[in-house]
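Here's my_file-v4.cif, which has mmCIF, C-alpha atoms:
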```cif
data_input
#
loop_
_atom_site.group_PDB
_atom_site.id
_atom_site.type_symbol
_atom_site.label_atom_id
_atom_site.label_comp_id
_atom_site.auth_asym_id
_atom_site.auth_seq_id
_atom_site.Cartn_x
_atom_site.Cartn_y
_atom_site.Cartn_z
ATOM 1 C CA MET A 1 55.130 -19.040 -55.868
ATOM 2 C CA ASN A 2 53.582 -18.095 -59.184
ATOM 3 C CA ASN A 3 50.113 -18.853 -57.878
ATOM 4 C CA GLU A 4 50.581 -16.634 -54.840
ATOM 5 C CA LYS A 5 52.011 -13.809 -56.946
ATOM 6 C CA ASP A 6 49.147 -13.967 -59.448
ATOM 7 C CA ILE A 7 46.479 -13.958 -56.721
ATOM 8 C CA ALA A 8 48.143 -11.105 -54.838
ATOM 9 C CA GLU A 9 48.391 -9.002 -58.005
ATOM 10 C CA LYS A 10 44.774 -9.767 -58.935
ATOM 11 C CA SER A 11 43.568 -8.659 -55.499
ATOM 12 C CA ALA A 12 45.617 -5.481 -55.712
ATOM 13 C CA ARG A 13 43.756 -4.477 -58.906
ATOM 14 C CA PRO A 14 40.170 -5.628 -58.303
ATOM 15 C CA GLY A 15 37.676 -5.060 -61.098
ATOM 16 C CA ARG A 16 34.224 -3.625 -60.723
ATOM 17 C CA GLY A 17 32.175 -5.792 -58.395
ATOM 18 C CA ALA A 18 35.202 -7.902 -57.381
ATOM 19 C CA VAL A 19 35.282 -9.205 -53.805
ATOM 20 C CA PRO A 20 38.333 -7.857 -51.890
ATOM 21 C CA GLN A 21 40.833 -10.486 -50.857
ATOM 22 C CA TRP A 22 40.470 -9.590 -47.165
ATOM 23 C CA VAL A 23 36.827 -10.734 -47.356
ATOM 24 C CA TRP A 24 37.917 -14.172 -48.530
ATOM 25 C CA LYS A 25 40.527 -14.332 -45.767
ATOM 26 C CA LEU A 26 37.876 -13.466 -43.188
ATOM 27 C CA ALA A 27 35.622 -16.137 -44.698
ATOM 28 C CA LEU A 28 38.377 -18.752 -44.388
ATOM 29 C CA ALA A 29 38.889 -17.766 -40.742
ATOM 30 C CA ALA A 30 35.120 -18.156 -40.198
ATOM 31 C CA CYS A 31 35.334 -21.657 -41.688
ATOM 32 C CA ALA A 32 38.111 -22.450 -39.225
ATOM 33 C CA ALA A 33 35.843 -21.254 -36.380
ATOM 34 C CA ILE A 34 32.958 -23.455 -37.533
ATOM 35 C CA TRP A 35 35.235 -26.466 -37.913
ATOM 36 C CA GLY A 36 36.729 -25.764 -34.497
ATOM 37 C CA GLY A 37 33.248 -25.778 -32.996
ATOM 38 C CA SER A 38 32.498 -29.080 -34.694
ATOM 39 C CA PHE A 39 34.839 -30.849 -32.246
ATOM 40 C CA VAL A 40 32.381 -30.024 -29.468
ATOM 41 C CA VAL A 41 29.380 -30.933 -31.619
ATOM 42 C CA MET A 42 30.880 -34.298 -32.594
ATOM 43 C CA LYS A 43 31.872 -35.255 -29.066
ATOM 44 C CA ASP A 44 28.583 -36.979 -28.180
ATOM 45 C CA THR A 45 27.607 -37.941 -31.740
ATOM 46 C CA LEU A 46 30.671 -40.142 -32.214
ATOM 47 C CA ASP A 47 29.541 -42.221 -29.221
ATOM 48 C CA VAL A 48 26.551 -43.488 -31.226
ATOM 49 C CA ILE A 49 27.698 -43.128 -34.876
ATOM 50 C CA PRO A 50 31.113 -44.533 -35.932
ATOM 51 C CA PRO A 51 33.436 -41.890 -37.440
ATOM 52 C CA ALA A 52 33.526 -43.264 -41.001
ATOM 53 C CA TRP A 53 29.737 -43.637 -41.143
ATOM 54 C CA LEU A 54 29.318 -40.137 -39.735
ATOM 55 C CA MET A 55 31.613 -38.767 -42.455
ATOM 56 C CA PHE A 56 29.688 -40.677 -45.123
ATOM 57 C CA ILE A 57 26.366 -39.209 -43.935
ATOM 58 C CA ARG A 58 27.926 -35.766 -43.723
ATOM 59 C CA PHE A 59 29.430 -35.784 -47.218
ATOM 60 C CA ALA A 60 26.569 -37.642 -48.931
ATOM 61 C CA VAL A 61 23.858 -35.275 -47.702
ATOM 62 C CA SER A 62 26.111 -32.293 -48.409
ATOM 63 C CA THR A 63 26.557 -33.495 -51.989
ATOM 64 C CA LEU A 64 22.800 -33.598 -52.500
ATOM 65 C CA ILE A 65 22.239 -30.157 -50.969
ATOM 66 C CA VAL A 66 25.092 -28.348 -52.705
ATOM 67 C CA GLY A 67 24.312 -30.159 -55.956
ATOM 68 C CA ALA A 68 20.673 -29.012 -55.782
ATOM 69 C CA LEU A 69 21.664 -25.423 -55.000
ATOM 70 C CA PHE A 70 24.107 -25.223 -57.903
ATOM 71 C CA TRP A 71 22.490 -27.626 -60.362
ATOM 72 C CA LYS A 72 22.523 -24.977 -63.122
ATOM 73 C CA LYS A 73 26.298 -24.654 -62.820
ATOM 74 C CA LEU A 74 26.563 -28.433 -62.869
ATOM 75 C CA ARG A 75 24.419 -28.591 -65.992
ATOM 76 C CA ASP A 76 26.502 -25.948 -67.751
ATOM 77 C CA ASN A 77 29.996 -26.975 -66.625
ATOM 78 C CA LEU A 78 30.074 -30.668 -65.758
ATOM 79 C CA ASP A 79 32.376 -32.404 -68.218
ATOM 80 C CA VAL A 80 35.206 -34.923 -68.202
ATOM 81 C CA SER A 81 37.730 -32.355 -66.967
ATOM 82 C CA HIS A 82 35.529 -31.212 -64.067
ATOM 83 C CA LEU A 83 34.807 -34.826 -63.136
ATOM 84 C CA ALA A 84 38.491 -35.745 -63.209
ATOM 85 C CA MET A 85 39.743 -32.708 -61.283
ATOM 86 C CA GLY A 86 36.866 -32.870 -58.777
ATOM 87 C CA ALA A 87 37.506 -36.566 -58.244
ATOM 88 C CA ILE A 88 41.173 -35.872 -57.491
ATOM 89 C CA LEU A 89 40.150 -33.234 -54.948
ATOM 90 C CA GLY A 90 37.606 -35.605 -53.436
ATOM 91 C CA LEU A 91 40.131 -38.405 -53.134
ATOM 92 C CA ALA A 92 42.599 -36.109 -51.389
ATOM 93 C CA SER A 93 39.989 -34.571 -49.079
ATOM 94 C CA GLY A 94 38.119 -37.792 -48.309
ATOM 95 C CA ALA A 95 41.300 -39.753 -47.709
ATOM 96 C CA ALA A 96 42.650 -37.000 -45.458
ATOM 97 C CA PHE A 97 39.567 -37.075 -43.232
ATOM 98 C CA VAL A 98 39.474 -40.880 -43.125
ATOM 99 C CA VAL A 99 43.173 -41.286 -42.329
ATOM 100 C CA GLN A 100 43.034 -38.500 -39.738
ATOM 101 C CA ASN A 101 40.145 -40.149 -37.890
ATOM 102 C CA ILE A 102 41.695 -43.619 -38.033
ATOM 103 C CA GLY A 103 44.892 -42.146 -36.627
ATOM 104 C CA LEU A 104 42.929 -40.523 -33.820
ATOM 105 C CA ASP A 105 42.105 -44.012 -32.475
ATOM 106 C CA ASP A 106 45.805 -44.547 -31.700
ATOM 107 C CA THR A 107 46.773 -41.119 -30.405
ATOM 108 C CA THR A 108 45.432 -38.299 -28.262
ATOM 109 C CA PRO A 109 43.264 -35.467 -29.625
ATOM 110 C CA GLY A 110 45.957 -32.907 -28.781
ATOM 111 C CA ARG A 111 48.670 -34.780 -30.623
ATOM 112 C CA ASN A 112 46.295 -35.423 -33.510
ATOM 113 C CA ALA A 113 45.506 -31.712 -33.817
ATOM 114 C CA PHE A 114 49.171 -30.677 -33.579
ATOM 115 C CA LEU A 115 50.410 -33.184 -36.150
ATOM 116 C CA THR A 116 47.545 -32.411 -38.534
ATOM 117 C CA ALA A 117 48.414 -28.711 -38.321
ATOM 118 C CA THR A 118 51.817 -29.453 -39.842
ATOM 119 C CA TYR A 119 50.073 -29.219 -43.221
ATOM 120 C CA CYS A 120 50.617 -25.449 -43.121
ATOM 121 C CA VAL A 121 54.368 -26.109 -43.071
ATOM 122 C CA MET A 122 54.078 -28.711 -45.839
ATOM 123 C CA THR A 123 51.907 -26.547 -48.125
ATOM 124 C CA PRO A 124 54.674 -24.216 -49.472
ATOM 125 C CA PHE A 125 56.899 -27.221 -50.214
ATOM 126 C CA ILE A 126 54.139 -29.137 -52.014
ATOM 127 C CA ASN A 127 53.267 -25.975 -53.917
ATOM 128 C CA TRP A 128 56.966 -25.740 -54.836
ATOM 129 C CA VAL A 129 56.732 -29.229 -56.389
ATOM 130 C CA VAL A 130 53.619 -28.236 -58.363
ATOM 131 C CA THR A 131 54.627 -24.731 -59.489
ATOM 132 C CA ARG A 132 58.446 -25.105 -59.499
ATOM 133 C CA ARG A 133 58.717 -21.892 -57.497
ATOM 134 C CA ARG A 134 60.406 -21.877 -54.096
ATOM 135 C CA PRO A 135 58.506 -20.566 -51.046
ATOM 136 C CA ASP A 136 59.843 -17.282 -49.696
ATOM 137 C CA GLY A 137 61.290 -16.753 -46.242
ATOM 138 C CA GLY A 138 58.236 -14.944 -44.924
ATOM 139 C CA ASN A 139 55.953 -17.867 -45.710
ATOM 140 C CA LEU A 140 58.323 -20.282 -44.019
ATOM 141 C CA VAL A 141 58.712 -18.140 -40.888
ATOM 142 C CA ALA A 142 54.947 -17.619 -40.641
ATOM 143 C CA ALA A 143 54.248 -21.324 -41.118
ATOM 144 C CA LEU A 144 56.795 -22.313 -38.482
ATOM 145 C CA LEU A 145 55.327 -19.797 -36.038
ATOM 146 C CA ALA A 146 51.863 -21.221 -36.696
ATOM 147 C CA ILE A 147 53.072 -24.739 -35.977
ATOM 148 C CA VAL A 148 54.714 -23.623 -32.733
ATOM 149 C CA GLY A 149 51.530 -21.843 -31.708
ATOM 150 C CA VAL A 150 49.225 -24.751 -32.515
ATOM 151 C CA GLY A 151 51.648 -27.044 -30.705
ATOM 152 C CA LEU A 152 51.505 -24.899 -27.567
ATOM 153 C CA VAL A 153 47.716 -24.991 -27.718
ATOM 154 C CA ALA A 154 47.216 -28.640 -28.581
ATOM 155 C CA LEU A 155 50.007 -30.611 -26.890
ATOM 156 C CA GLY A 156 49.830 -31.905 -23.339
ATOM 157 C CA ASP A 157 51.624 -30.325 -20.428
ATOM 158 C CA ASP A 158 54.642 -32.615 -20.875
ATOM 159 C CA LEU A 159 54.983 -31.604 -24.566
ATOM 160 C CA SER A 160 56.029 -35.202 -25.358
ATOM 161 C CA LEU A 161 56.264 -36.290 -28.979
ATOM 162 C CA ILE A 162 56.718 -40.062 -28.972
ATOM 163 C CA MET A 163 55.435 -41.231 -32.351
ATOM 164 C CA SER A 164 52.801 -43.972 -32.326
ATOM 165 C CA GLY A 165 51.171 -45.598 -35.342
ATOM 166 C CA GLY A 166 48.321 -43.110 -35.052
ATOM 167 C CA ASP A 167 50.804 -40.232 -35.031
ATOM 168 C CA TRP A 168 52.332 -41.392 -38.306
ATOM 169 C CA LEU A 169 48.881 -41.794 -39.866
ATOM 170 C CA THR A 170 48.058 -38.256 -38.777
ATOM 171 C CA LEU A 171 51.170 -36.981 -40.547
ATOM 172 C CA VAL A 172 49.990 -38.785 -43.684
ATOM 173 C CA ALA A 173 46.645 -36.990 -43.307
ATOM 174 C CA ALA A 174 48.490 -33.681 -42.973
ATOM 175 C CA VAL A 175 50.243 -34.339 -46.289
ATOM 176 C CA LEU A 176 46.867 -35.063 -47.923
ATOM 177 C CA PHE A 177 45.347 -31.864 -46.512
ATOM 178 C CA ALA A 178 48.285 -29.847 -47.856
ATOM 179 C CA VAL A 179 47.975 -31.526 -51.258
ATOM 180 C CA HIS A 180 44.265 -30.680 -51.309
ATOM 181 C CA ILE A 181 44.938 -26.996 -50.567
ATOM 182 C CA VAL A 182 47.492 -26.722 -53.373
ATOM 183 C CA LEU A 183 45.325 -28.615 -55.869
ATOM 184 C CA VAL A 184 42.272 -26.441 -55.194
ATOM 185 C CA ALA A 185 44.334 -23.326 -55.871
ATOM 186 C CA ARG A 186 45.671 -24.843 -59.087
ATOM 187 C CA PHE A 187 42.471 -26.393 -60.485
ATOM 188 C CA SER A 188 40.127 -23.514 -59.661
ATOM 189 C CA SER A 189 41.710 -21.138 -62.172
ATOM 190 C CA ALA A 190 40.535 -23.194 -65.160
ATOM 191 C CA HIS A 191 37.371 -24.775 -63.751
ATOM 192 C CA ASP A 192 34.078 -23.758 -62.187
ATOM 193 C CA VAL A 193 34.637 -23.899 -58.419
ATOM 194 C CA MET A 194 31.074 -24.912 -57.533
ATOM 195 C CA THR A 195 31.121 -27.806 -59.980
ATOM 196 C CA LEU A 196 34.446 -28.965 -58.558
ATOM 197 C CA THR A 197 33.020 -28.691 -55.032
ATOM 198 C CA VAL A 198 30.000 -30.897 -55.771
ATOM 199 C CA VAL A 199 32.139 -33.570 -57.407
ATOM 200 C CA GLN A 200 34.637 -33.349 -54.539
ATOM 201 C CA LEU A 201 31.907 -33.846 -51.924
ATOM 202 C CA GLY A 202 30.491 -36.816 -53.796
ATOM 203 C CA VAL A 203 33.857 -38.546 -54.133
ATOM 204 C CA SER A 204 34.655 -37.807 -50.468
ATOM 205 C CA ALA A 205 31.382 -39.533 -49.553
ATOM 206 C CA LEU A 206 32.399 -42.594 -51.585
ATOM 207 C CA VAL A 207 35.801 -42.703 -49.877
ATOM 208 C CA ALA A 208 34.126 -42.520 -46.460
ATOM 209 C CA LEU A 209 31.560 -45.189 -47.429
ATOM 210 C CA ALA A 210 34.242 -47.585 -48.637
ATOM 211 C CA THR A 211 36.094 -47.127 -45.350
ATOM 212 C CA ALA A 212 32.921 -47.491 -43.273
ATOM 213 C CA LEU A 213 31.947 -50.770 -44.985
ATOM 214 C CA VAL A 214 35.379 -52.215 -44.243
ATOM 215 C CA MET A 215 35.531 -51.028 -40.628
ATOM 216 C CA GLY A 216 32.094 -52.055 -39.352
ATOM 217 C CA PRO A 217 28.289 -52.145 -39.659
ATOM 218 C CA PRO A 218 26.174 -48.973 -39.957
ATOM 219 C CA PRO A 219 24.639 -47.388 -36.837
ATOM 220 C CA ALA A 220 21.258 -48.662 -35.616
ATOM 221 C CA LEU A 221 18.227 -46.747 -36.856
ATOM 222 C CA THR A 222 17.191 -46.083 -33.245
ATOM 223 C CA VAL A 223 20.146 -43.711 -33.007
ATOM 224 C CA PHE A 224 18.308 -41.233 -35.230
ATOM 225 C CA ALA A 225 15.390 -40.994 -32.805
ATOM 226 C CA SER A 226 17.431 -38.510 -30.764
ATOM 227 C CA ALA A 227 16.906 -34.800 -31.412
ATOM 228 C CA ASP A 228 20.495 -34.122 -30.324
ATOM 229 C CA VAL A 229 21.787 -36.375 -33.118
ATOM 230 C CA TRP A 230 19.752 -34.464 -35.712
ATOM 231 C CA LEU A 231 21.011 -31.125 -34.370
ATOM 232 C CA SER A 232 24.581 -32.371 -34.569
ATOM 233 C CA LEU A 233 24.044 -33.648 -38.108
ATOM 234 C CA ALA A 234 22.511 -30.303 -39.105
ATOM 235 C CA TYR A 235 25.584 -28.459 -37.812
ATOM 236 C CA LEU A 236 28.007 -30.854 -39.492
ATOM 237 C CA VAL A 237 26.150 -31.073 -42.811
ATOM 238 C CA LEU A 238 24.817 -27.547 -43.280
ATOM 239 C CA LEU A 239 27.595 -25.508 -41.679
ATOM 240 C CA SER A 240 30.752 -27.627 -41.576
ATOM 241 C CA SER A 241 30.240 -29.140 -45.019
ATOM 242 C CA CYS A 242 27.770 -27.243 -47.222
ATOM 243 C CA VAL A 243 28.716 -23.724 -46.177
ATOM 244 C CA CYS A 244 32.383 -24.232 -45.314
ATOM 245 C CA MET A 245 33.307 -26.472 -48.232
ATOM 246 C CA VAL A 246 31.865 -23.950 -50.687
ATOM 247 C CA VAL A 247 33.448 -20.959 -48.934
ATOM 248 C CA GLN A 248 36.756 -22.806 -48.547
ATOM 249 C CA ASN A 249 37.069 -23.606 -52.234
ATOM 250 C CA LEU A 250 36.005 -20.089 -53.254
ATOM 251 C CA GLY A 251 38.358 -18.570 -50.680
ATOM 252 C CA GLN A 252 41.308 -20.704 -51.725
ATOM 253 C CA ALA A 253 40.714 -19.646 -55.306
ATOM 254 C CA ASN A 254 41.316 -16.036 -54.208
ATOM 255 C CA VAL A 255 43.885 -16.397 -51.397
ATOM 256 C CA PRO A 256 47.498 -17.647 -51.829
ATOM 257 C CA PRO A 257 47.908 -21.282 -50.688
ATOM 258 C CA ALA A 258 50.374 -20.591 -47.847
ATOM 259 C CA GLN A 259 48.123 -17.918 -46.320
ATOM 260 C CA ALA A 260 45.022 -20.068 -46.786
ATOM 261 C CA SER A 261 46.676 -22.907 -44.886
ATOM 262 C CA LEU A 262 47.609 -20.545 -42.053
ATOM 263 C CA LEU A 263 44.074 -19.202 -41.732
ATOM 264 C CA LEU A 264 42.586 -22.691 -41.828
ATOM 265 C CA SER A 265 45.078 -23.824 -39.165
ATOM 266 C CA LEU A 266 43.175 -21.574 -36.735
ATOM 267 C CA GLU A 267 40.692 -24.455 -36.507
ATOM 268 C CA SER A 268 42.681 -25.900 -33.597
ATOM 269 C CA VAL A 269 42.570 -22.572 -31.761
ATOM 270 C CA PHE A 270 38.814 -22.269 -32.200
ATOM 271 C CA ALA A 271 38.431 -25.872 -31.035
ATOM 272 C CA VAL A 272 40.108 -24.969 -27.742
ATOM 273 C CA VAL A 273 38.003 -21.789 -27.459
ATOM 274 C CA SER A 274 34.847 -23.882 -27.907
ATOM 275 C CA SER A 275 36.060 -26.276 -25.241
ATOM 276 C CA VAL A 276 36.692 -23.358 -22.870
ATOM 277 C CA ILE A 277 33.204 -21.936 -23.457
ATOM 278 C CA PHE A 278 31.193 -25.174 -23.358
ATOM 279 C CA TYR A 279 33.360 -27.402 -21.129
ATOM 280 C CA HIS A 280 35.001 -24.717 -18.964
ATOM 281 C CA GLU A 281 38.525 -25.740 -19.903
ATOM 282 C CA LEU A 282 41.176 -23.732 -18.075
ATOM 283 C CA VAL A 283 43.229 -21.397 -20.293
ATOM 284 C CA THR A 284 46.778 -21.935 -19.074
ATOM 285 C CA PRO A 285 49.689 -19.580 -19.802
ATOM 286 C CA ARG A 286 50.928 -22.129 -22.357
ATOM 287 C CA ILE A 287 47.634 -22.005 -24.276
ATOM 288 C CA ALA A 288 47.566 -18.200 -24.105
ATOM 289 C CA LEU A 289 51.107 -18.144 -25.508
ATOM 290 C CA GLY A 290 49.929 -20.437 -28.309
ATOM 291 C CA PHE A 291 47.146 -18.008 -29.236
ATOM 292 C CA ALA A 292 49.641 -15.122 -29.314
ATOM 293 C CA THR A 293 52.134 -17.074 -31.442
ATOM 294 C CA ILE A 294 49.512 -17.998 -34.051
ATOM 295 C CA PHE A 295 48.298 -14.396 -34.163
ATOM 296 C CA VAL A 296 51.881 -13.245 -34.825
ATOM 297 C CA ALA A 297 52.173 -15.880 -37.580
ATOM 298 C CA VAL A 298 49.108 -14.497 -39.348
ATOM 299 C CA LEU A 299 50.484 -10.959 -39.014
ATOM 300 C CA VAL A 300 53.848 -11.995 -40.477
ATOM 301 C CA SER A 301 52.069 -13.563 -43.445
ATOM 302 C CA GLU A 302 49.827 -10.532 -43.982
ATOM 303 C CA LEU A 303 52.664 -7.994 -43.711
ATOM 304 C CA GLY A 304 54.776 -10.011 -46.130
ATOM 305 C CA VAL A 305 52.069 -9.880 -48.810
ATOM 306 C CA ARG A 306 51.450 -6.155 -48.268
ATOM 307 C CA ARG A 307 55.141 -5.417 -48.788
ATOM 308 C CA LYS A 308 54.952 -7.223 -52.142
#
```
Translate this structure into structure tokens?
Amino acid sequence: MNNEKDIAEKSARPGRGAVPQWVWKLALAACAAIWGGSFVVMKDTLDVIPPAWLMFIRFAVSTLIVGALFWKKLRDNLDVSHLAMGAILGLASGAAFVVQNIGLDDTTPGRNAFLTATYCVMTPFINWVVTRRRPDGGNLVAALLAIVGVGLVALGDDLSLIMSGGDWLTLVAAVLFAVHIVLVARFSSAHDVMTLTVVQLGVSALVALATALVMGPPPALTVFASADVWLSLAYLVLLSSCVCMVVQNLGQANVPPAQASLLLSLESVFAVVSSVIFYHELVTPRIALGFATIFVAVLVSELGVRRK
């Protein structure tokens, strides 16, 4: 892919003060860890705040915080092009989260995680449509290994794959996540990433709000009397959204799309690790094999880029 080749060559000849590409890859992996931990954080919160309303609160507050932090960049860069491109990113991201969570109501968390992770297989093909450059064999092998690994981690013991309505919706969400990854890589080269991020967060909040208004009433104000709810919101808003959304967009601007999708797919692995630590989930041989398979997938991707 042209985009992957350009990013790889740029990282191989960093200028003075440039951030090495491995730092951005580590940052994307850290985002995956934070998002993986959010499954544990959200477990109790979703019992008192409906998913769409929780996403609206998360994205709306994040928009205000990130917008305040980078208001100078907004002032200097916000124009019709940034609004249009940021809105497209926000529609893709917001719709992906909404569809994924609606699908979760009609499927199991393991199946939802596995089917969502198929976006790392879809990403090279969607990037092919955008850039007209075919994905190479290494990317395809690494992506397939990642899917197998996430499947071993996330699926039930019977490994069944009978498609329900929620399963199909989750696949739609996976397509939207893959589209978002490719679009960020494409738009960031000609736009200010922070400005795009603020617009994206705002549009994602609007998508979540529209869904929430259709699906049901807002949560009762008494819900927010709980300290645990505020701690959960702080984690989701400050870490999962403000920090990770900024780092994700910056990272994807400096890491090839296929590799970015692989690193972000580690979210499912970190979700299981969090469950093991906080809920004492048993690590079976199947789950351990899943960890090993995903690790091999990342190595295959890394070694392929180094050879180039």
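Relative to atom CA of A:Ala227, atom CA of A:Glu267 is found at 26.4 Å.
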Item to complete: Identify which of the residues A:Phe70, A:Trp128, A:Phe177, A:Phe39 lies closest to A:Leu115, counting only C-alpha atoms when measuring atom-to-atom distances.
Response: A:Phe177
Write out as a compact mmCIF listing (two decimals) with C-alpha atoms, in the coordinates of the input the residues lying within 7 Å of A:Gly166, counting all atoms listed in the file and excluding same-chain residues fewer than 2 positions away.
```
# COMPACT_ATOMS: atom_id res chain seq x y z
CA GLY A 103 44.89 -42.15 -36.63
CA LEU A 104 42.93 -40.52 -33.82
CA ASP A 105 42.10 -44.01 -32.48
CA ASP A 106 45.80 -44.55 -31.70
CA THR A 107 46.77 -41.12 -30.40
CA SER A 164 52.80 -43.97 -32.33
CA TRP A 168 52.33 -41.39 -38.31
CA LEU A 169 48.88 -41.79 -39.87
CA THR A 170 48.06 -38.26 -38.78
```
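Nearest residue to A:Val172, choosing from A:Arg134, A:Val19, A:Met122, A:Met215 and counting only C-alpha atoms: A:Met122.
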Go through stretch 102-138 of chain A and flag each residue having an atom no more than 9 Å from stretch 235-258 of chain A; for those, report the closest pair of atoms plus their distance in Å to one decimal, using only C-alpha atoms, ordered by chain and rising number, as a tab-separated table.
```
residue	atom	partner	partner_atom	distance
A:Cys120	CA	A:Ala258	CA	6.8
A:Val121	CA	A:Ala258	CA	8.3
A:Thr123	CA	A:Ala258	CA	6.2
A:Pro124	CA	A:Ala258	CA	5.9
A:Asn127	CA	A:Pro257	CA	7.8
A:Pro135	CA	A:Ala258	CA	8.7
```
Item to complete: Can you turn the PyMOL selection byres ((chain A and resi 43-51) around 9) into a concrete residue list for this file, as a PyMOL selection string?
Response: chain A and resi 38-42+52-56+98+101-102+212+216-220+223+228-229+232-233
Next, write the just-selected residues to a file, as a tab-separated table (two decimals), in the frame of the given file, keeping C-alpha atoms as the atom set.
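Output file selection_6.tsv is given in full below:
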```
chain	number	residue	atom	x	y	z
A	38	SER	CA	32.50	-29.08	-34.69
A	39	PHE	CA	34.84	-30.85	-32.25
A	40	VAL	CA	32.38	-30.02	-29.47
A	41	VAL	CA	29.38	-30.93	-31.62
A	42	MET	CA	30.88	-34.30	-32.59
A	52	ALA	CA	33.53	-43.26	-41.00
A	53	TRP	CA	29.74	-43.64	-41.14
A	54	LEU	CA	29.32	-40.14	-39.74
A	55	MET	CA	31.61	-38.77	-42.46
A	56	PHE	CA	29.69	-40.68	-45.12
A	98	VAL	CA	39.47	-40.88	-43.12
A	101	ASN	CA	40.15	-40.15	-37.89
A	102	ILE	CA	41.70	-43.62	-38.03
A	212	ALA	CA	32.92	-47.49	-43.27
A	216	GLY	CA	32.09	-52.06	-39.35
A	217	PRO	CA	28.29	-52.14	-39.66
A	218	PRO	CA	26.17	-48.97	-39.96
A	219	PRO	CA	24.64	-47.39	-36.84
A	220	ALA	CA	21.26	-48.66	-35.62
A	223	VAL	CA	20.15	-43.71	-33.01
A	228	ASP	CA	20.50	-34.12	-30.32
A	229	VAL	CA	21.79	-36.38	-33.12
A	232	SER	CA	24.58	-32.37	-34.57
A	233	LEU	CA	24.04	-33.65	-38.11
```
Worksheet item: Any chance you could work out the residue set of the PyMOL selection byres ((chain A and resi 94-96) around 12) here, as a ChimeraX atom specification?
Response: /A:52,55-56,58-60,86-93,97-103,116,119,169-181,199-211
Response to the item:
Among A:Trp230, A:Phe125, A:Trp24, A:Phe278, A:Val182 is approached most closely, using only C-alpha atoms, by A:Phe125
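Going from atom CA of A:Gly36 over to atom CA of A:Ala113, you cover 10.6 Å.
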Discussion item. Just to confirm, what's the straight-line distance from atom CA of A:Ile57 to atom CA of A:Phe224 in Å (one decimal)?
Written reply: 12.0 Å
Worksheet item: Residues at most 8 Å from A:Ile294, counting all atoms listed in the file, excluding those fewer than 5 positions away in the same chain, as a ChimeraX atom specification?
Response: /A:145-150,266
Might you pull out every residue within 10 Å of A:Gly67, with only C-alpha atoms counted and same-chain residues fewer than 4 positions away left off, and present them as a PDB file with C-alpha atoms, in the coordinates of the input?
```pdb
ATOM      1  CA  VAL A  61      23.858 -35.275 -47.702  1.00  0.00           C
ATOM      2  CA  SER A  62      26.111 -32.293 -48.409  1.00  0.00           C
ATOM      3  CA  THR A  63      26.557 -33.495 -51.989  1.00  0.00           C
ATOM      4  CA  TRP A  71      22.490 -27.626 -60.362  1.00  0.00           C
ATOM      5  CA  LYS A  72      22.523 -24.977 -63.122  1.00  0.00           C
ATOM      6  CA  LYS A  73      26.298 -24.654 -62.820  1.00  0.00           C
ATOM      7  CA  LEU A  74      26.563 -28.433 -62.869  1.00  0.00           C
ATOM      8  CA  MET A 194      31.074 -24.912 -57.533  1.00  0.00           C
ATOM      9  CA  THR A 195      31.121 -27.806 -59.980  1.00  0.00           C
ATOM     10  CA  THR A 197      33.020 -28.691 -55.032  1.00  0.00           C
ATOM     11  CA  VAL A 198      30.000 -30.897 -55.771  1.00  0.00           C
ATOM     12  CA  VAL A 199      32.139 -33.570 -57.407  1.00  0.00           C
ATOM     13  CA  LEU A 201      31.907 -33.846 -51.924  1.00  0.00           C
ATOM     14  CA  GLY A 202      30.491 -36.816 -53.796  1.00  0.00           C
ATOM     15  CA  CYS A 242      27.770 -27.243 -47.222  1.00  0.00           C
TER      16      CYS A 242
END
```
Kindly extract all protein, DNA and RNA residues lying within 9 Å of the coordinates (33.3, -25.3, -65.8) given in the file, considering only C-alpha atoms, and supply them as an mmCIF file with C-alpha atoms, in the frame of the given file.
```
data_model
loop_
_atom_site.group_PDB
_atom_site.id
_atom_site.type_symbol
_atom_site.label_atom_id
_atom_site.label_comp_id
_atom_site.auth_asym_id
_atom_site.auth_seq_id
_atom_site.Cartn_x
_atom_site.Cartn_y
_atom_site.Cartn_z
ATOM 1 C CA LYS A 73 26.298 -24.654 -62.820
ATOM 2 C CA LEU A 74 26.563 -28.433 -62.869
ATOM 3 C CA ASP A 76 26.502 -25.948 -67.751
ATOM 4 C CA ASN A 77 29.996 -26.975 -66.625
ATOM 5 C CA LEU A 78 30.074 -30.668 -65.758
ATOM 6 C CA ASP A 79 32.376 -32.404 -68.218
ATOM 7 C CA SER A 81 37.730 -32.355 -66.967
ATOM 8 C CA HIS A 82 35.529 -31.212 -64.067
ATOM 9 C CA ALA A 190 40.535 -23.194 -65.160
ATOM 10 C CA HIS A 191 37.371 -24.775 -63.751
ATOM 11 C CA ASP A 192 34.078 -23.758 -62.187
ATOM 12 C CA VAL A 193 34.637 -23.899 -58.419
ATOM 13 C CA MET A 194 31.074 -24.912 -57.533
ATOM 14 C CA THR A 195 31.121 -27.806 -59.980
ATOM 15 C CA LEU A 196 34.446 -28.965 -58.558
#
```
Worksheet entry | the PyMOL selection byres ((chain A and resi 290) around 12) applied to the shown file, residues as a PyMOL selection string | chain A and resi 114+145-155+266+268-270+272+283-289+291-297
